[in-house]
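First comes the structure, then the notes that go with it.
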Amino acid sequence: MGKFVTETFNYDGGRQVTAYVPPVPPEAVVFAGDGQLVTQWGGVLEVAEVPPTMIVGSHRLDDEMLRLHEYSPVFNAQRFAAHEKFFVEDVRHWARSRLGVALPAERTAVFGVSASGELALAIGLRHPDIYGA
């Protein structure tokens, strides 16, 4: 069974990021919003017998309005841009330096459900050279 690694970043007064690290080197990596929820699915991937996949998720805010402002560029462009920088640059750098994962775009996905699905669409469309899946 894989393990979970959580770290607190300085972003926005202290934001946690959790990664599900499979027991063998990952062949794919998924970056997601709502990380405290989505990373829990890592064990399910192992049972499903898919290629080893790391899930890296930034934790969401409890305040739903602020969460929407981070996840959608249409509500508050500045807040979205700050979160986009955190998600695309800081979280990916951490995954590379701390967890040793830096895969090509065709094996790097961005994912979300509900509001974080909107984040995934926005990030994926803005950064297809990074998130190719």
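Going by the structure tokens order, chains are called A, B, ..., each with residues numbered from 1, while ligands are numbered from 1 in the order shown.
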
Subject >> Per-residue DSSP, range 17-133 of chain A, filtered to helix (DSSP H, G or I), as a VMD selection string >> reply: chain A and resid 35 to 47 64 to 71 77 to 99 105 to 107 115 to 126

Original post:
Using only C-alpha atoms, which residues sit within 9 Å of range 5-16 of chain A once same-chain residues fewer than 6 positions away are excluded, as a list in words?
Top reply: Gly35, Gln36, Gly57, Ser58, His59, Arg60, Leu61, Ala82, His83, Phe86, Asp90, Val91 and Leu99 of chain A

Subject >> Asp34 in chain A environment, 12 Å, only C-alpha atoms, sequence neighbours closer than 4 positions dropped, as a ChimeraX atom specification >> reply: /A:15-19,38-41,55-62,64,67-68,70-71,87,110-120

Original post:
Which residues in range 2-112 of chain A does DSSP call strand (DSSP E)? List them as a PyMOL selection string.
Top reply: chain A and resi 3-9+15-21+28-32+53-58+108-111

Would you put the residues from that selection into a file with N, CA, C and O atoms, as a compact mmCIF listing (two decimals), in the first residue's frame?
# COMPACT_ATOMS: atom_id res chain seq x y z
N LYS A 3 1.62 5.51 0.51
CA LYS A 3 1.62 6.36 1.70
C LYS A 3 1.14 7.76 1.34
O LYS A 3 1.12 8.15 0.16
N PHE A 4 0.78 8.51 2.36
CA PHE A 4 0.36 9.89 2.20
C PHE A 4 1.43 10.80 2.76
O PHE A 4 1.98 10.54 3.83
N VAL A 5 1.71 11.86 2.03
CA VAL A 5 2.66 12.88 2.47
C VAL A 5 1.92 14.21 2.43
O VAL A 5 1.34 14.57 1.40
N THR A 6 1.92 14.93 3.54
CA THR A 6 1.25 16.23 3.62
C THR A 6 2.25 17.27 4.07
O THR A 6 3.04 17.03 4.99
N GLU A 7 2.20 18.42 3.41
CA GLU A 7 3.08 19.52 3.77
C GLU A 7 2.27 20.82 3.73
O GLU A 7 1.35 20.96 2.91
N THR A 8 2.63 21.75 4.60
CA THR A 8 1.97 23.06 4.62
C THR A 8 2.85 24.08 3.92
O THR A 8 4.03 24.22 4.24
N PHE A 9 2.27 24.77 2.96
CA PHE A 9 2.95 25.80 2.19
C PHE A 9 2.62 27.17 2.78
O PHE A 9 1.62 27.34 3.47
N ARG A 15 -1.32 26.77 3.42
CA ARG A 15 -2.18 25.85 2.68
C ARG A 15 -1.51 24.50 2.61
O ARG A 15 -0.35 24.38 2.24
N GLN A 16 -2.25 23.47 2.94
CA GLN A 16 -1.70 22.13 2.88
C GLN A 16 -1.84 21.52 1.49
O GLN A 16 -2.78 21.84 0.75
N VAL A 17 -0.91 20.65 1.19
CA VAL A 17 -0.92 19.84 -0.02
C VAL A 17 -0.66 18.41 0.44
O VAL A 17 0.23 18.17 1.25
N THR A 18 -1.45 17.49 -0.06
CA THR A 18 -1.28 16.08 0.26
C THR A 18 -1.02 15.31 -1.02
O THR A 18 -1.63 15.59 -2.05
N ALA A 19 -0.12 14.35 -0.94
CA ALA A 19 0.16 13.47 -2.07
C ALA A 19 -0.05 12.03 -1.64
O ALA A 19 0.33 11.64 -0.54
N TYR A 20 -0.68 11.28 -2.52
CA TYR A 20 -0.71 9.83 -2.37
C TYR A 20 0.46 9.31 -3.20
O TYR A 20 0.53 9.53 -4.41
N VAL A 21 1.38 8.63 -2.56
CA VAL A 21 2.58 8.11 -3.21
C VAL A 21 2.44 6.59 -3.29
O VAL A 21 2.40 5.91 -2.26
N ALA A 28 2.28 7.67 -13.76
CA ALA A 28 1.40 8.80 -14.05
C ALA A 28 1.24 9.63 -12.78
O ALA A 28 1.40 9.11 -11.67
N VAL A 29 0.94 10.91 -12.97
CA VAL A 29 0.67 11.78 -11.83
C VAL A 29 -0.57 12.61 -12.14
O VAL A 29 -0.78 13.04 -13.27
N VAL A 30 -1.40 12.76 -11.13
CA VAL A 30 -2.63 13.53 -11.23
C VAL A 30 -2.55 14.66 -10.21
O VAL A 30 -2.35 14.39 -9.02
N PHE A 31 -2.71 15.89 -10.66
CA PHE A 31 -2.77 17.05 -9.77
C PHE A 31 -4.24 17.44 -9.64
O PHE A 31 -4.97 17.45 -10.62
N ALA A 32 -4.66 17.76 -8.41
CA ALA A 32 -6.08 18.01 -8.17
C ALA A 32 -6.29 19.08 -7.12
O ALA A 32 -5.46 19.26 -6.22
N THR A 53 0.03 5.31 -9.92
CA THR A 53 -0.34 6.72 -10.12
C THR A 53 -0.21 7.48 -8.82
O THR A 53 -0.76 7.08 -7.79
N MET A 54 0.50 8.60 -8.88
CA MET A 54 0.59 9.51 -7.75
C MET A 54 -0.51 10.56 -7.89
O MET A 54 -0.77 11.04 -9.00
N ILE A 55 -1.15 10.88 -6.78
CA ILE A 55 -2.15 11.95 -6.76
C ILE A 55 -1.62 13.04 -5.85
O ILE A 55 -1.29 12.77 -4.69
N VAL A 56 -1.54 14.26 -6.37
CA VAL A 56 -1.06 15.40 -5.61
C VAL A 56 -2.19 16.41 -5.56
O VAL A 56 -2.64 16.89 -6.60
N GLY A 57 -2.67 16.71 -4.36
CA GLY A 57 -3.82 17.60 -4.24
C GLY A 57 -3.62 18.74 -3.27
O GLY A 57 -3.21 18.53 -2.13
N SER A 58 -3.91 19.94 -3.75
CA SER A 58 -3.90 21.10 -2.84
C SER A 58 -5.23 21.12 -2.10
O SER A 58 -6.29 20.88 -2.69
N THR A 108 0.80 13.36 -17.24
CA THR A 108 0.47 14.30 -16.16
C THR A 108 -0.93 14.83 -16.39
O THR A 108 -1.22 15.41 -17.44
N ALA A 109 -1.80 14.61 -15.42
CA ALA A 109 -3.19 15.02 -15.55
C ALA A 109 -3.55 16.08 -14.51
O ALA A 109 -2.90 16.19 -13.46
N VAL A 110 -4.59 16.81 -14.81
CA VAL A 110 -5.22 17.70 -13.84
C VAL A 110 -6.66 17.23 -13.72
O VAL A 110 -7.30 16.90 -14.72
N PHE A 111 -7.16 17.17 -12.49
CA PHE A 111 -8.45 16.53 -12.23
C PHE A 111 -9.20 17.29 -11.15
O PHE A 111 -8.60 17.88 -10.26

Subject >> Nearest to Val44 in chain A by atom-to-atom distance, counting only C-alpha atoms, from A:Met1, A:Leu66, A:Ile130, A:Ala105 >> reply: A:Met1
